[in-house]
Amino acid sequence: MTAHTGFKVAIVGAGPSGFYAAEELLNNEVQVDMYEKLPVPFGLVRYGVAPDHQKLKLVAKVFDRTARRENFNFFGNVNVGESLSLQALQTHYHAVILTHGASQGRKPGIPGEDLHGCYTAADLVGWYNGHPDFQDLAFDPSCRSVAIIGHGNVAIDIARILAKTPAELASSDITSAALHRLSTSRIETIHLIGRRGPAQTRFTSQELRELGELADAEVWIADDGLTLNAASREELQDKKNLVASKNYEIFTGFSRSGTKRRRIVFHFMKFPVAMYGKDRVEELHVGLNELEGAAFQQTARATGVESRIPCDAVVFSIGYRGNGLLQSGFDAAQSVYVNTEGRLPSGDGLYAAGWIKRGATGVIGTNKPCAQETVASLLADLRTEPQTAKAGSAAILPLLTDIPTSFSDWESIDREEQARGQAAGKPREKIVHIEECLALTAASRR
Ligand code: NAP
């Protein structure tokens, strides 16, 4: 059945912002076709949210309902920009929303960062979460000391996954290959290194608190890391800064017995300078910062003092970046499309939502108002100008060389993953290779 408005919109990317945008468009009686590079949907929920945070993944059920609505199609295994041009979507739809996210890690640009044993958070998270692009990562379980750079929630997720025992991970949907490797892990120390102080971390309190509840790991604070300057004390007293003061309370409450096998050591006011090692990383050099300026305007300044942290692996968890599908109008430094309320300045029916619109910030739910804002801009534009009929997917499908996967193909994959998981006592065993997903969907269609 045709949507009442007759408008057809293509969405590029099947992560949270794509699904929230789809929901909003469907509520406004617009036909929505979603194109996704991978054969399966859900992006960040499937491949970014930590495998032991199953409750956070429940939001996929909301997306599931959206996908079953009338006037919605999912076309997986379609790589816009490679197997299908963006131009083709622009021609055959009234508008295109780019929600392809920011899935690549960032590195700080310092000596030694490409040594063996150095990873970005995107690599490591993608590996243990079963993302097809990261399955070649060979995390070395023999390492004893890992340094994670960055004091955000992704850094905490990684520290927690590396610190958990196999029993603690058993009920997660970590891939069996990653679980096997981590089961033989000899990690003793996980350093969490942040360039500012305990009053300026980006953690949410629940995630921070969870580190103190691990079966065989305990939290230490390096040096006199919890000492605050006057401006930081003032920041923590501000009633609008509740998360920071809660976090500080959690930091002070971590107790160390020395009886657990693993230590998670928080380092404050330290930034990475260089990594050294012969065949692989052996040592991280860090510089010591101090904060200067008034409360809430403090900036970190290097003191010139440096120290060394021996480690066999370094993980850069300093944010994510994505690539633009356009030559111009993409701010590579910020990794976002230049936009006004989701509208790209080119004025030719292009919009953006999610991380590729506003940067890699916020929790899953942050993408809902972000997508709603974009859809409001899009609908306002479509309603202002007279519109001609568009062919939508009827014109796109003949252009594709590979058969796209449908949402019902995903449902077959989902059922198979859950069945494999059940046998292992976990929510699902992800199918991590694209070829296997495609073979399975081909078989289920016969
Ligand atoms: P983030 O929250 O932005 O944290 C990035 C960290 O890297 C910050 O500590 C930042 O320090 C540091 N950093 C940036 N550039 C650096 C450099 N060149 N050298 C040293 N340190 C550097 O990013 P994220 O952890 O990747 O998380 C992305 C988003 O996903 C966040 O909004 C996060 O809350 C969300 N997320 C949520 C959950 C959850 O709700 N459970 C889980 C995972 C992720 P400064 O603060 O000094 O800039």
# chains A, B, ... in the order shown; residues from 1 in each chain; ligands from 1
call {"tool": "residues_near_ligand", "arguments": {"ligand": "ligand 1", "cutoff": "7 Å", "atoms": "only C-alpha atoms and all ligand atoms", "output": "ChimeraX atom specification"}}
result
/A:49,108,149-155,157,194-196,200-204,207,271-272,317-320,360-363
call {"tool": "residues_around", "arguments": {"residues": "Asp33 in chain A", "least_positions_apart": "6", "cutoff": "8 Å", "atoms": "only C-alpha atoms", "output": "ChimeraX atom specification"}}
result
/A:8-11,72-75,392-393
call {"tool": "closest_atom_pairs", "arguments": {"of": "range 3-81 of chain A", "to": "range 396-411 of chain A", "cutoff": "8 Å", "atoms": "only C-alpha atoms", "output": "tab-separated table"}}
result
residue	atom	partner	partner_atom	distance
A:Pro39	CA	A:Thr405	CA	5.7
A:Val40	CA	A:Trp410	CA	5.7
A:Pro41	CA	A:Trp410	CA	7.5
A:Ala67	CA	A:Phe407	CA	7.2
A:Asn73	CA	A:Ser406	CA	7.3
A:Phe74	CA	A:Ser406	CA	5.4
A:Phe75	CA	A:Pro404	CA	5.3
A:Gly76	CA	A:Thr405	CA	4.6
A:Asn77	CA	A:Pro404	CA	5.3
A:Val78	CA	A:Pro404	CA	6.3
call {"tool": "write_last_selection", "arguments": {"atoms": "N, CA, C and O atoms", "output": "PDB file, in the first residue's frame"}}
result
ATOM      1  N   PRO A  39      24.553  -7.349   6.159  1.00  0.00           N
ATOM      2  CA  PRO A  39      23.292  -8.058   5.872  1.00  0.00           C
ATOM      3  C   PRO A  39      22.296  -7.981   7.026  1.00  0.00           C
ATOM      4  O   PRO A  39      21.151  -8.390   6.873  1.00  0.00           O
ATOM      5  N   VAL A  40      22.734  -7.483   8.177  1.00  0.00           N
ATOM      6  CA  VAL A  40      21.878  -7.496   9.383  1.00  0.00           C
ATOM      7  C   VAL A  40      21.695  -6.070   9.918  1.00  0.00           C
ATOM      8  O   VAL A  40      22.568  -5.226   9.731  1.00  0.00           O
ATOM      9  N   PRO A  41      20.583  -5.811  10.607  1.00  0.00           N
ATOM     10  CA  PRO A  41      20.348  -4.452  11.121  1.00  0.00           C
ATOM     11  C   PRO A  41      20.891  -4.225  12.537  1.00  0.00           C
ATOM     12  O   PRO A  41      21.466  -5.136  13.126  1.00  0.00           O
ATOM     13  N   ALA A  67      10.341  -2.042  12.087  1.00  0.00           N
ATOM     14  CA  ALA A  67      10.650  -2.739  10.833  1.00  0.00           C
ATOM     15  C   ALA A  67       9.464  -3.535  10.308  1.00  0.00           C
ATOM     16  O   ALA A  67       9.374  -3.807   9.113  1.00  0.00           O
ATOM     17  N   ASN A  73      10.794  -0.928   4.341  1.00  0.00           N
ATOM     18  CA  ASN A  73      11.603  -2.024   3.774  1.00  0.00           C
ATOM     19  C   ASN A  73      13.024  -1.919   4.287  1.00  0.00           C
ATOM     20  O   ASN A  73      13.564  -0.820   4.401  1.00  0.00           O
ATOM     21  N   PHE A  74      13.613  -3.082   4.570  1.00  0.00           N
ATOM     22  CA  PHE A  74      15.032  -3.144   4.923  1.00  0.00           C
ATOM     23  C   PHE A  74      15.758  -3.809   3.762  1.00  0.00           C
ATOM     24  O   PHE A  74      15.349  -4.876   3.298  1.00  0.00           O
ATOM     25  N   PHE A  75      16.811  -3.153   3.277  1.00  0.00           N
ATOM     26  CA  PHE A  75      17.650  -3.748   2.237  1.00  0.00           C
ATOM     27  C   PHE A  75      19.076  -3.827   2.786  1.00  0.00           C
ATOM     28  O   PHE A  75      19.794  -2.813   2.828  1.00  0.00           O
ATOM     29  N   GLY A  76      19.456  -5.021   3.253  1.00  0.00           N
ATOM     30  CA  GLY A  76      20.797  -5.207   3.801  1.00  0.00           C
ATOM     31  C   GLY A  76      21.770  -5.640   2.720  1.00  0.00           C
ATOM     32  O   GLY A  76      21.373  -5.974   1.595  1.00  0.00           O
ATOM     33  N   ASN A  77      23.052  -5.611   3.071  1.00  0.00           N
ATOM     34  CA  ASN A  77      24.106  -6.023   2.135  1.00  0.00           C
ATOM     35  C   ASN A  77      24.195  -5.057   0.937  1.00  0.00           C
ATOM     36  O   ASN A  77      24.570  -5.461  -0.153  1.00  0.00           O
ATOM     37  N   VAL A  78      23.845  -3.804   1.176  1.00  0.00           N
ATOM     38  CA  VAL A  78      23.927  -2.776   0.131  1.00  0.00           C
ATOM     39  C   VAL A  78      24.859  -1.677   0.640  1.00  0.00           C
ATOM     40  O   VAL A  78      24.540  -0.971   1.596  1.00  0.00           O
TER      41      VAL A  78
END
call {"tool": "closest_residue", "arguments": {"among": "A:Val432, A:Ala222, A:Ala376, A:Ala122", "to": "Thr175 in chain A", "atoms": "only C-alpha atoms"}}
result
A:Val432
call {"tool": "residues_around", "arguments": {"residues": "Val314 in chain A", "least_positions_apart": "2", "cutoff": "10 Å", "atoms": "only C-alpha atoms", "output": "compact mmCIF listing (two decimals) with all heavy atoms, in the first residue's frame"}}
result
# COMPACT_ATOMS: atom_id res chain seq x y z
N GLU A 113 52.18 4.34 17.85
CA GLU A 113 50.77 3.92 17.98
C GLU A 113 50.38 2.79 17.03
O GLU A 113 49.34 2.18 17.21
CB GLU A 113 49.83 5.12 17.78
CG GLU A 113 49.86 5.70 16.39
CD GLU A 113 48.95 6.93 16.27
OE1 GLU A 113 48.64 7.57 17.27
OE2 GLU A 113 48.58 7.24 15.11
N LEU A 115 52.40 0.16 16.63
CA LEU A 115 53.12 -1.05 17.05
C LEU A 115 52.15 -2.20 17.24
O LEU A 115 50.97 -1.98 17.57
CB LEU A 115 53.82 -0.79 18.40
CG LEU A 115 55.19 -0.13 18.38
CD1 LEU A 115 55.60 0.24 19.81
CD2 LEU A 115 56.23 -1.06 17.76
N HIS A 116 52.65 -3.41 17.07
CA HIS A 116 51.85 -4.60 17.34
C HIS A 116 51.39 -4.52 18.81
O HIS A 116 52.17 -4.17 19.69
CB HIS A 116 52.72 -5.84 17.10
CG HIS A 116 51.97 -7.10 17.27
ND1 HIS A 116 50.89 -7.44 16.49
CD2 HIS A 116 52.13 -8.11 18.15
CE1 HIS A 116 50.42 -8.60 16.88
NE2 HIS A 116 51.16 -9.04 17.88
N GLY A 117 50.14 -4.83 19.04
CA GLY A 117 49.61 -4.76 20.41
C GLY A 117 48.88 -3.46 20.71
O GLY A 117 48.35 -3.30 21.81
N CYS A 118 48.86 -2.53 19.73
CA CYS A 118 48.08 -1.29 19.91
C CYS A 118 46.78 -1.41 19.10
O CYS A 118 46.82 -1.77 17.92
CB CYS A 118 48.86 -0.07 19.42
SG CYS A 118 50.31 0.28 20.41
N TYR A 119 45.68 -1.11 19.72
CA TYR A 119 44.38 -1.23 19.06
C TYR A 119 43.57 0.04 19.30
O TYR A 119 43.78 0.73 20.29
CB TYR A 119 43.56 -2.38 19.66
CG TYR A 119 44.32 -3.66 19.86
CD1 TYR A 119 44.93 -3.95 21.08
CD2 TYR A 119 44.42 -4.59 18.82
CE1 TYR A 119 45.62 -5.14 21.26
CE2 TYR A 119 45.10 -5.78 19.00
CZ TYR A 119 45.71 -6.05 20.22
OH TYR A 119 46.38 -7.21 20.40
N THR A 120 42.59 0.27 18.42
CA THR A 120 41.61 1.29 18.78
C THR A 120 40.45 0.57 19.46
O THR A 120 40.26 -0.65 19.29
CB THR A 120 41.06 2.04 17.55
OG1 THR A 120 40.26 1.14 16.78
CG2 THR A 120 42.17 2.64 16.70
N ALA A 121 39.66 1.35 20.21
CA ALA A 121 38.49 0.77 20.88
C ALA A 121 37.56 0.13 19.85
O ALA A 121 36.99 -0.94 20.08
CB ALA A 121 37.75 1.86 21.65
N SER A 145 49.57 -6.79 31.06
CA SER A 145 49.24 -5.42 31.43
C SER A 145 48.71 -4.67 30.21
O SER A 145 49.36 -4.61 29.17
CB SER A 145 50.52 -4.74 31.96
OG SER A 145 50.30 -3.37 32.14
N VAL A 146 47.51 -4.13 30.33
CA VAL A 146 46.86 -3.42 29.22
C VAL A 146 46.63 -1.97 29.65
O VAL A 146 46.16 -1.73 30.76
CB VAL A 146 45.49 -4.05 28.88
CG1 VAL A 146 44.82 -3.32 27.73
CG2 VAL A 146 45.64 -5.52 28.57
N ALA A 147 46.96 -1.02 28.78
CA ALA A 147 46.67 0.39 29.07
C ALA A 147 45.56 0.85 28.15
O ALA A 147 45.65 0.69 26.93
CB ALA A 147 47.91 1.24 28.86
N ILE A 148 44.49 1.37 28.73
CA ILE A 148 43.38 1.91 27.93
C ILE A 148 43.43 3.43 28.07
O ILE A 148 43.43 3.96 29.19
CB ILE A 148 42.02 1.37 28.43
CG1 ILE A 148 42.01 -0.17 28.41
CG2 ILE A 148 40.88 1.92 27.57
CD1 ILE A 148 40.78 -0.80 29.05
N ILE A 149 43.50 4.11 26.92
CA ILE A 149 43.59 5.58 26.95
C ILE A 149 42.18 6.15 26.78
O ILE A 149 41.48 5.82 25.82
CB ILE A 149 44.47 6.12 25.79
CG1 ILE A 149 45.78 5.33 25.65
CG2 ILE A 149 44.71 7.62 25.94
CD1 ILE A 149 46.71 5.42 26.80
N ILE A 190 44.92 -3.62 34.40
CA ILE A 190 44.30 -2.82 33.33
C ILE A 190 44.40 -1.36 33.78
O ILE A 190 43.80 -0.97 34.79
CB ILE A 190 42.83 -3.23 33.13
CG1 ILE A 190 42.74 -4.70 32.73
CG2 ILE A 190 42.16 -2.33 32.09
CD1 ILE A 190 41.36 -5.32 32.88
N HIS A 191 45.22 -0.59 33.06
CA HIS A 191 45.36 0.83 33.40
C HIS A 191 44.33 1.62 32.62
O HIS A 191 44.21 1.47 31.40
CB HIS A 191 46.76 1.33 33.00
CG HIS A 191 47.87 0.61 33.71
ND1 HIS A 191 48.23 0.90 35.01
CD2 HIS A 191 48.70 -0.39 33.30
CE1 HIS A 191 49.23 0.12 35.36
NE2 HIS A 191 49.54 -0.68 34.35
N MET A 275 54.61 5.22 22.49
CA MET A 275 54.72 3.81 22.87
C MET A 275 56.06 3.29 22.37
O MET A 275 56.48 3.65 21.26
CB MET A 275 53.60 2.98 22.22
CG MET A 275 52.33 2.88 23.02
SD MET A 275 51.39 4.38 23.03
CE MET A 275 51.19 4.69 21.33
N VAL A 281 54.41 -3.51 21.40
CA VAL A 281 54.44 -2.48 22.45
C VAL A 281 54.89 -3.11 23.79
O VAL A 281 54.46 -4.21 24.15
CB VAL A 281 53.07 -1.78 22.58
CG1 VAL A 281 51.97 -2.74 22.97
CG2 VAL A 281 53.13 -0.62 23.55
N GLU A 282 55.81 -2.40 24.44
CA GLU A 282 56.29 -2.89 25.73
C GLU A 282 56.13 -1.83 26.83
O GLU A 282 56.10 -2.15 28.00
CB GLU A 282 57.78 -3.27 25.63
CG GLU A 282 58.02 -4.48 24.74
CD GLU A 282 59.49 -4.68 24.40
OE1 GLU A 282 60.36 -4.08 25.07
OE2 GLU A 282 59.77 -5.43 23.45
N GLU A 283 56.03 -0.58 26.37
CA GLU A 283 56.03 0.50 27.36
C GLU A 283 55.26 1.70 26.82
O GLU A 283 55.39 2.06 25.65
CB GLU A 283 57.48 0.91 27.61
CG GLU A 283 57.68 1.67 28.88
CD GLU A 283 59.18 1.80 29.16
OE1 GLU A 283 59.85 2.58 28.47
OE2 GLU A 283 59.64 1.12 30.07
N LEU A 284 54.47 2.29 27.68
CA LEU A 284 53.75 3.53 27.32
C LEU A 284 54.37 4.68 28.11
O LEU A 284 54.54 4.56 29.33
CB LEU A 284 52.27 3.36 27.70
CG LEU A 284 51.40 4.61 27.72
CD1 LEU A 284 51.17 5.15 26.31
CD2 LEU A 284 50.05 4.31 28.38
N CYS A 311 53.55 -2.10 29.58
CA CYS A 311 52.30 -2.74 29.15
C CYS A 311 52.55 -3.54 27.88
O CYS A 311 53.46 -3.24 27.11
CB CYS A 311 51.20 -1.72 28.94
SG CYS A 311 51.63 -0.43 27.80
N ASP A 312 51.70 -4.56 27.66
CA ASP A 312 51.83 -5.40 26.46
C ASP A 312 50.75 -5.08 25.44
O ASP A 312 50.74 -5.65 24.35
CB ASP A 312 51.67 -6.88 26.79
CG ASP A 312 52.24 -7.26 28.12
OD1 ASP A 312 53.47 -7.23 28.23
OD2 ASP A 312 51.44 -7.56 29.03
N PHE A 316 43.29 2.55 22.38
CA PHE A 316 42.92 3.97 22.31
C PHE A 316 41.41 4.07 22.30
O PHE A 316 40.75 3.71 21.32
CB PHE A 316 43.49 4.61 21.04
CG PHE A 316 44.99 4.50 20.96
CD1 PHE A 316 45.58 3.65 20.04
CD2 PHE A 316 45.79 5.22 21.82
CE1 PHE A 316 46.95 3.52 19.99
CE2 PHE A 316 47.17 5.11 21.77
CZ PHE A 316 47.76 4.25 20.85
N SER A 317 40.87 4.56 23.41
CA SER A 317 39.41 4.72 23.50
C SER A 317 39.11 6.21 23.63
O SER A 317 38.65 6.69 24.66
CB SER A 317 38.89 3.93 24.71
OG SER A 317 37.50 4.02 24.76
